Amino acid sequence: MNIAVVGTGYVGLVTGTCLAETGNNVTCVDIDLEKVEKLNQGIIPIYEPGLDTLFYRNVAQKRLRFTSSLEEGLKGASIIFLALPTPPGEDGSADLSYVLEAAEDIGKLLKGYTIIIDKSTVPVGTADKVQQRISQFATADFDVVSNPEFLREGVAVDDFMKPDRIVIGTSSETVKKILSELYAPYVRQGNPVIFMDVRSAELTKYAANSFLATKISFMNEIAHMCERLGANVDMVRLGIGADDRIGKRFLFPGIGYGGSCFPKDVKALARSAVECDYEFRILEAVMEVNAFQREYFVSKLLRFYHNGLQGKRIAIWGLAFKPETDDIREAPAIYVIRELLAQGASLAVYDPEAMGNIKALFGDKISYAADQYEAVRQADALAILTEWPVFRAPDFGVLKNSLKESVIFDGRNLYDPEKMAGLGFYYNSVGRALTDGRKN
Ligand SMILES: NC(=O)c1ccc[n+]([C@@H]2O[C@H](COP(=O)([O-])OP(=O)(O)OC[C@H]3O[C@@H](n4cnc5c(N)ncnc54)[C@H](O)[C@@H]3O)[C@@H](O)[C@H]2O)c1
Ligand SMILES: O=c1ccn([C@@H]2O[C@H](COP(=O)(O)OP(=O)(O)O[C@H]3O[C@H](CO)[C@@H](O)[C@H](O)[C@H]3O)[C@@H](O)[C@H]2O)c(=O)[nH]1
């Protein structure tokens, strides 16, 4: 099939590449000229594991192209995917300006029957708005479909190629037939393509993200109880996760969820509730707990250094909002860095992929280490903010010799507290015993 993808960010680029991989002809469109130029030079502007192999293969075989001209992108396309930003507006509701402006431009260019698929995360009623906006300008026939995307950054290619499920909101039998064919290669293992009405599909996306965010905030609260009651959150996690009704995943406490999706989508669903005269009480608590997690992490350092952080050098391992990505959107690290700087600490940071993005934000206010061990050299303490695999089994001897004092604040529970005490560290993690082996 001939496909256009409008918006070539994390979702658009992965969607376009993975659709080309199964034999479709895909043109990705973006208004960011620099991005399009890079893509046309074979430079992938984001870090996403596994994307490069598929990208280079499909570009070489001319199934994947990039352009900044919408007109050129839409030429011959029978399906148009919208993968455009829907950032939070001032009141928390999703800002639909990117989607609706693109709809208008698309309307002016539509030729024959076209399926317009919304992959952006949008509130209930958006497909109707897109339909109306396009109708004002189009003469050709078209259908607007909601097809929310559930990929996770860091494993986006796998998630797209083998999705748990595909949700499609449409009432058109023609659309159902065409999209069943388009997605058939991705659900060969029997994962379902779930057809439903458009409004339910739109809400499904927010419900999924909000439920997962709720799971995380719930576990963060359980972690606080563990710290107060002398229980171990790892054990509680295993104990409840073994129950199929609860499930093992998304039960890891830490410094709160970040990223470009959970924070904005929870906020947007809460706002949607207000707009339809309902107070979504759980979501208010989920957001409150999430904000508290990063504050609590910083407060642990402040309590430890009760004379203040002035003159202290803190090393930070992990800046991205999660491992295996360079994305720092809403990363807890941004808050932690700002707070520690405000308290007078000097910072040396390291992340395998997100250094460039953090540098663009903080410039020369902090030091950027070439590797994780350089970051801790002569630091008073280490703070761990992202659970990159490379941090999981460091050389503790080197770590201990590099730090001025053997002090670790771990926001991601990477190590065993007893083991850390045995190695002579002060080790403060989330929802587990605080251990101090410095006098061992
Ligand atoms: N990032 C994720 O993991 C993820 C997963 C599922 C769903 N989503 C949703 O998908 C949507 C896109 O998210 P993203 O992370 O890919 O965003 P992004 O910011 O990475 O990419 C959006 C792209 O759209 C481009 N753009 C803006 N206006 C345009 C226009 N008029 N024409 C062409 N291109 C235009 C931007 O230049 C940018 O490259 C959002 O609604 C998001 O909530 C994101
Ligand atoms: O047990 C857990 C799991 C995750 N997180 C945090 O939650 C955030 C989000 O993680 P994750 O969901 O893995 O990453 P995203 O790429 O943001 O993916 C989410 O957001 C996407 C955009 O909507 C959806 O498509 C995905 O299905 C949904 O998982 C990160 O800060 C994680 O550190 C935890 O704190 N504890």
# chains A, B, ... in the order shown; residues from 1 in each chain; ligands from 1
>>> residues_around(residues="Leu110 of chain A", least_positions_apart="6", cutoff="12 Å", atoms="only C-alpha atoms", output="list in words")
Leu70, Glu71, Glu72, Gly73, Leu74, Lys75, Gly76, Ala77, Ser78, Ile79, Ile80, Ala103, Glu104, Ile116, Ile134, Ser135, Gln136, Phe137, Ala138, Thr139, Ala140, Asp141, Phe142 and Asp143 of chain A
>>> residues_near_ligand(ligand="ligand 1", cutoff="9 Å", atoms="only C-alpha atoms and all ligand atoms", output="NGL selection string")
:A and (5-14 or 28-33 or 35-36 or 46 or 68-70 or 82-87 or 94 or 97-103 or 105 or 118-122 or 148-154 or 156 or 205 or 259-262 or 264-265 or 327)
>>> select_by_dssp(residues="segment 114-270 of chain A", states="helix (DSSP H, G or I)", output="PyMOL selection string")
chain A and resi 126-135+156-161+173-186+198-229+233-241+262-270
>>> write_last_selection(atoms="C-alpha atoms", output="mmCIF file, in the first residue's frame")
data_model
loop_
_atom_site.group_PDB
_atom_site.id
_atom_site.type_symbol
_atom_site.label_atom_id
_atom_site.label_comp_id
_atom_site.auth_asym_id
_atom_site.auth_seq_id
_atom_site.Cartn_x
_atom_site.Cartn_y
_atom_site.Cartn_z
ATOM 1 C CA THR A 126 -11.031 14.607 18.039
ATOM 2 C CA ALA A 127 -11.763 12.332 15.078
ATOM 3 C CA ASP A 128 -15.060 14.210 14.632
ATOM 4 C CA LYS A 129 -13.173 17.511 14.670
ATOM 5 C CA VAL A 130 -10.628 16.216 12.143
ATOM 6 C CA GLN A 131 -13.482 14.926 9.960
ATOM 7 C CA GLN A 132 -15.187 18.338 10.038
ATOM 8 C CA ARG A 133 -11.975 20.256 9.381
ATOM 9 C CA ILE A 134 -11.051 18.137 6.375
ATOM 10 C CA SER A 135 -14.629 18.297 4.989
ATOM 11 C CA ALA A 156 9.406 0.797 20.097
ATOM 12 C CA VAL A 157 10.370 -1.349 17.107
ATOM 13 C CA ASP A 158 9.463 -4.594 18.883
ATOM 14 C CA ASP A 159 6.248 -3.065 20.179
ATOM 15 C CA PHE A 160 5.271 -1.994 16.668
ATOM 16 C CA MET A 161 6.272 -5.226 14.940
ATOM 17 C CA GLU A 173 -16.514 -1.840 6.764
ATOM 18 C CA THR A 174 -14.150 -0.670 3.986
ATOM 19 C CA VAL A 175 -11.705 0.668 6.579
ATOM 20 C CA LYS A 176 -11.932 -2.553 8.612
ATOM 21 C CA LYS A 177 -11.065 -4.624 5.557
ATOM 22 C CA ILE A 178 -8.124 -2.445 4.443
ATOM 23 C CA LEU A 179 -6.625 -2.057 7.917
ATOM 24 C CA SER A 180 -7.015 -5.785 8.663
ATOM 25 C CA GLU A 181 -4.830 -6.392 5.592
ATOM 26 C CA LEU A 182 -2.351 -3.671 6.501
ATOM 27 C CA TYR A 183 -1.849 -4.987 10.036
ATOM 28 C CA ALA A 184 -2.023 -8.739 9.267
ATOM 29 C CA PRO A 185 1.812 -9.136 9.174
ATOM 30 C CA TYR A 186 2.064 -7.701 12.696
ATOM 31 C CA VAL A 198 -14.070 5.895 17.366
ATOM 32 C CA ARG A 199 -14.792 7.461 20.753
ATOM 33 C CA SER A 200 -14.008 4.251 22.648
ATOM 34 C CA ALA A 201 -10.721 3.907 20.747
ATOM 35 C CA GLU A 202 -9.728 7.448 21.642
ATOM 36 C CA LEU A 203 -10.528 6.853 25.308
ATOM 37 C CA THR A 204 -8.777 3.458 25.348
ATOM 38 C CA LYS A 205 -5.401 5.147 24.876
ATOM 39 C CA TYR A 206 -5.856 7.481 27.852
ATOM 40 C CA ALA A 207 -7.301 4.674 29.962
ATOM 41 C CA ALA A 208 -4.260 2.450 29.249
ATOM 42 C CA ASN A 209 -1.676 5.098 30.112
ATOM 43 C CA SER A 210 -3.582 6.321 33.143
ATOM 44 C CA PHE A 211 -4.014 2.799 34.475
ATOM 45 C CA LEU A 212 -0.283 2.109 34.134
ATOM 46 C CA ALA A 213 0.560 5.431 35.787
ATOM 47 C CA THR A 214 -1.843 4.511 38.597
ATOM 48 C CA LYS A 215 -0.049 1.196 39.091
ATOM 49 C CA ILE A 216 3.272 3.060 39.424
ATOM 50 C CA SER A 217 1.944 5.670 41.849
ATOM 51 C CA PHE A 218 0.273 2.935 43.895
ATOM 52 C CA MET A 219 3.587 1.107 44.218
ATOM 53 C CA ASN A 220 5.357 4.340 45.110
ATOM 54 C CA GLU A 221 2.907 4.745 47.986
ATOM 55 C CA ILE A 222 3.465 1.127 49.050
ATOM 56 C CA ALA A 223 7.214 1.932 49.033
ATOM 57 C CA HIS A 224 6.603 4.773 51.507
ATOM 58 C CA MET A 225 4.701 2.353 53.731
ATOM 59 C CA CYS A 226 7.584 -0.124 53.480
ATOM 60 C CA GLU A 227 10.098 2.514 54.583
ATOM 61 C CA ARG A 228 7.956 3.387 57.569
ATOM 62 C CA LEU A 229 7.004 -0.151 58.571
ATOM 63 C CA VAL A 233 9.071 -3.254 48.596
ATOM 64 C CA ASP A 234 10.897 -5.773 46.363
ATOM 65 C CA MET A 235 9.321 -8.598 48.313
ATOM 66 C CA VAL A 236 5.897 -6.992 48.344
ATOM 67 C CA ARG A 237 6.224 -6.422 44.589
ATOM 68 C CA LEU A 238 7.045 -10.073 43.967
ATOM 69 C CA GLY A 239 4.329 -11.154 46.361
ATOM 70 C CA ILE A 240 1.555 -9.230 44.640
ATOM 71 C CA GLY A 241 2.930 -9.486 41.090
ATOM 72 C CA PHE A 262 2.236 9.468 31.093
ATOM 73 C CA PRO A 263 2.505 12.964 32.602
ATOM 74 C CA LYS A 264 0.621 14.649 29.779
ATOM 75 C CA ASP A 265 -1.935 11.896 29.225
ATOM 76 C CA VAL A 266 -2.913 11.538 32.888
ATOM 77 C CA LYS A 267 -3.281 15.317 33.026
ATOM 78 C CA ALA A 268 -5.350 15.359 29.815
ATOM 79 C CA LEU A 269 -7.739 12.625 31.012
ATOM 80 C CA ALA A 270 -8.215 14.428 34.318
#
>>> select_by_dssp(residues="segment 52-206 of chain A", states="strand (DSSP E or B)", output="list in words")
Leu64, Arg65, Phe66, Thr67, Ile79, Ile80, Phe81, Leu82, Pro88, Ala94, Thr114, Ile115, Ile116, Ile117, Asp118, Phe142, Asp143, Val144, Val145, Ser146, Ile166, Val167, Ile168, Gly169, Val193, Ile194, Phe195 and Met196 of chain A
>>> residues_around(residues="segment 399-404 of chain A", least_positions_apart="6", cutoff="10 Å", atoms="only C-alpha atoms", output="PyMOL selection string")
chain A and resi 313-315+372-382+423-425
>>> write_last_selection(atoms="C-alpha atoms", output="short mmCIF file (atom, residue, chain, number, x, y, z; two decimals), in the first residue's frame")
data_model
loop_
_atom_site.label_atom_id
_atom_site.label_comp_id
_atom_site.auth_asym_id
_atom_site.auth_seq_id
_atom_site.Cartn_x
_atom_site.Cartn_y
_atom_site.Cartn_z
CA ARG A 313 29.77 17.51 44.36
CA ILE A 314 27.07 15.03 43.40
CA ALA A 315 27.49 12.53 40.55
CA GLN A 372 30.07 6.55 34.57
CA TYR A 373 33.36 6.29 36.48
CA GLU A 374 34.55 9.74 35.43
CA ALA A 375 31.29 11.14 36.81
CA VAL A 376 31.92 9.77 40.32
CA ARG A 377 35.58 10.81 40.51
CA GLN A 378 35.96 13.07 43.59
CA ALA A 379 32.18 13.29 44.03
CA ASP A 380 30.74 13.34 47.54
CA ALA A 381 27.86 11.08 46.59
CA LEU A 382 26.25 9.25 43.68
CA LEU A 423 30.82 -3.40 50.51
CA GLY A 424 31.06 -0.43 52.85
CA PHE A 425 28.51 1.89 51.28
#
>>> closest_residue(among="A:Ala393, A:Ile255, A:Val430, A:Ala285", to="ligand 2", atoms="only C-alpha atoms and all ligand atoms")
A:Ile255
>>> atom_distance(atom1="atom CA of Leu39 of chain A", atom2="atom CA of Gly356 of chain A")
18.5 Å
>>> closest_atom_pairs(of="segment 246-292 of chain A", to="segment 411-422 of chain A", cutoff="9 Å", atoms="only C-alpha atoms", output="JSON lines")
{"residue": "A:Phe252", "atom": "CA", "partner": "A:Arg412", "partner_atom": "CA", "distance": 8.1}
{"residue": "A:Pro253", "atom": "CA", "partner": "A:Arg412", "partner_atom": "CA", "distance": 7.3}
{"residue": "A:Gly254", "atom": "CA", "partner": "A:Arg412", "partner_atom": "CA", "distance": 5.1}
{"residue": "A:Ile255", "atom": "CA", "partner": "A:Gly411", "partner_atom": "CA", "distance": 5.5}
>>> write_last_selection(atoms="N, CA and C atoms", output="PDB file, in the first residue's frame")
ATOM      1  N   PHE A 252       7.324  -1.264  39.590  1.00  0.00           N
ATOM      2  CA  PHE A 252       8.604  -0.831  40.147  1.00  0.00           C
ATOM      3  C   PHE A 252       8.494   0.583  40.707  1.00  0.00           C
ATOM      4  N   PRO A 253       8.743   0.733  42.009  1.00  0.00           N
ATOM      5  CA  PRO A 253       8.717   2.083  42.576  1.00  0.00           C
ATOM      6  C   PRO A 253       9.983   2.825  42.159  1.00  0.00           C
ATOM      7  N   GLY A 254      10.014   4.115  42.378  1.00  0.00           N
ATOM      8  CA  GLY A 254      11.213   4.868  41.992  1.00  0.00           C
ATOM      9  C   GLY A 254      11.030   6.343  42.258  1.00  0.00           C
ATOM     10  N   ILE A 255      11.492   7.154  41.290  1.00  0.00           N
ATOM     11  CA  ILE A 255      11.384   8.603  41.484  1.00  0.00           C
ATOM     12  C   ILE A 255      10.250   9.177  40.637  1.00  0.00           C
TER      13      ILE A 255
END
>>> residues_around(residues="Ala320 of chain A", least_positions_apart="2", cutoff="10 Å", atoms="only C-alpha atoms", output="ChimeraX atom specification")
/A:258-259,317-318,322-334,351-355,357-358,385-388
>>> write_last_selection(atoms="C-alpha atoms", output="mmCIF file, in the first residue's frame")
data_model
loop_
_atom_site.group_PDB
_atom_site.id
_atom_site.type_symbol
_atom_site.label_atom_id
_atom_site.label_comp_id
_atom_site.auth_asym_id
_atom_site.auth_seq_id
_atom_site.Cartn_x
_atom_site.Cartn_y
_atom_site.Cartn_z
ATOM 1 C CA GLY A 258 8.305 10.729 33.324
ATOM 2 C CA GLY A 259 8.402 10.819 29.550
ATOM 3 C CA TRP A 317 24.006 8.311 36.709
ATOM 4 C CA GLY A 318 21.076 8.348 34.293
ATOM 5 C CA LYS A 322 13.880 5.612 31.172
ATOM 6 C CA PRO A 323 16.682 3.378 29.833
ATOM 7 C CA GLU A 324 17.358 2.740 26.135
ATOM 8 C CA THR A 325 16.291 6.181 24.980
ATOM 9 C CA ASP A 326 17.825 9.624 24.586
ATOM 10 C CA ASP A 327 14.473 11.224 25.448
ATOM 11 C CA ILE A 328 14.478 13.571 28.446
ATOM 12 C CA ARG A 329 10.948 14.924 28.083
ATOM 13 C CA GLU A 330 9.541 15.210 31.641
ATOM 14 C CA ALA A 331 12.508 13.213 32.946
ATOM 15 C CA PRO A 332 12.724 13.283 36.759
ATOM 16 C CA ALA A 333 16.445 14.041 36.249
ATOM 17 C CA ILE A 334 15.597 17.565 35.070
ATOM 18 C CA ASP A 351 23.975 8.935 30.621
ATOM 19 C CA PRO A 352 24.740 6.577 27.731
ATOM 20 C CA GLU A 353 22.443 8.416 25.272
ATOM 21 C CA ALA A 354 20.838 11.524 26.761
ATOM 22 C CA MET A 355 23.907 13.720 27.391
ATOM 23 C CA ASN A 357 19.732 16.645 25.217
ATOM 24 C CA ILE A 358 20.630 17.517 28.819
ATOM 25 C CA LEU A 385 18.129 8.311 38.362
ATOM 26 C CA THR A 386 17.751 5.919 35.390
ATOM 27 C CA GLU A 387 18.188 2.150 35.443
ATOM 28 C CA TRP A 388 20.447 1.729 32.393
#
>>> closest_residue(among="A:Tyr350, A:Phe250, A:Phe195, A:Phe396", to="Ile316 of chain A", atoms="only C-alpha atoms")
A:Tyr350
>>> closest_residue(among="A:Val193, A:Ile337, A:Val187, A:Ala383", to="Val167 of chain A", atoms="only C-alpha atoms")
A:Val193
>>> residues_around(residues="Thr27 of chain A", least_positions_apart="3", cutoff="7 Å", atoms="only C-alpha atoms", output="ChimeraX atom specification")
/A:3-5,64-66,73
>>> atom_distance(atom1="atom CA of Gly230 of chain A", atom2="atom CA of Asp244 of chain A")
26.4 Å
>>> closest_residue(among="A:Thr170, A:Asn191, A:Asn147, A:Asn307", to="ligand 2", atoms="only C-alpha atoms and all ligand atoms")
A:Asn147
>>> closest_residue(among="A:Ala291, A:Val124, A:Val390, A:Leu309", to="ligand 2", atoms="only C-alpha atoms and all ligand atoms")
A:Ala291
>>> residues_around(residues="Gly311 of chain A", least_positions_apart="6", cutoff="9 Å", atoms="only C-alpha atoms", output="list in words")
Gly344, Ala345 and Ser346 of chain A
>>> write_last_selection(atoms="C-alpha atoms", output="PDB file, in the first residue's frame")
ATOM      1  CA  GLY A 344      24.419  24.965  45.703  1.00  0.00           C
ATOM      2  CA  ALA A 345      25.681  21.481  44.732  1.00  0.00           C
ATOM      3  CA  SER A 346      28.012  21.013  41.775  1.00  0.00           C
TER       4      SER A 346
END
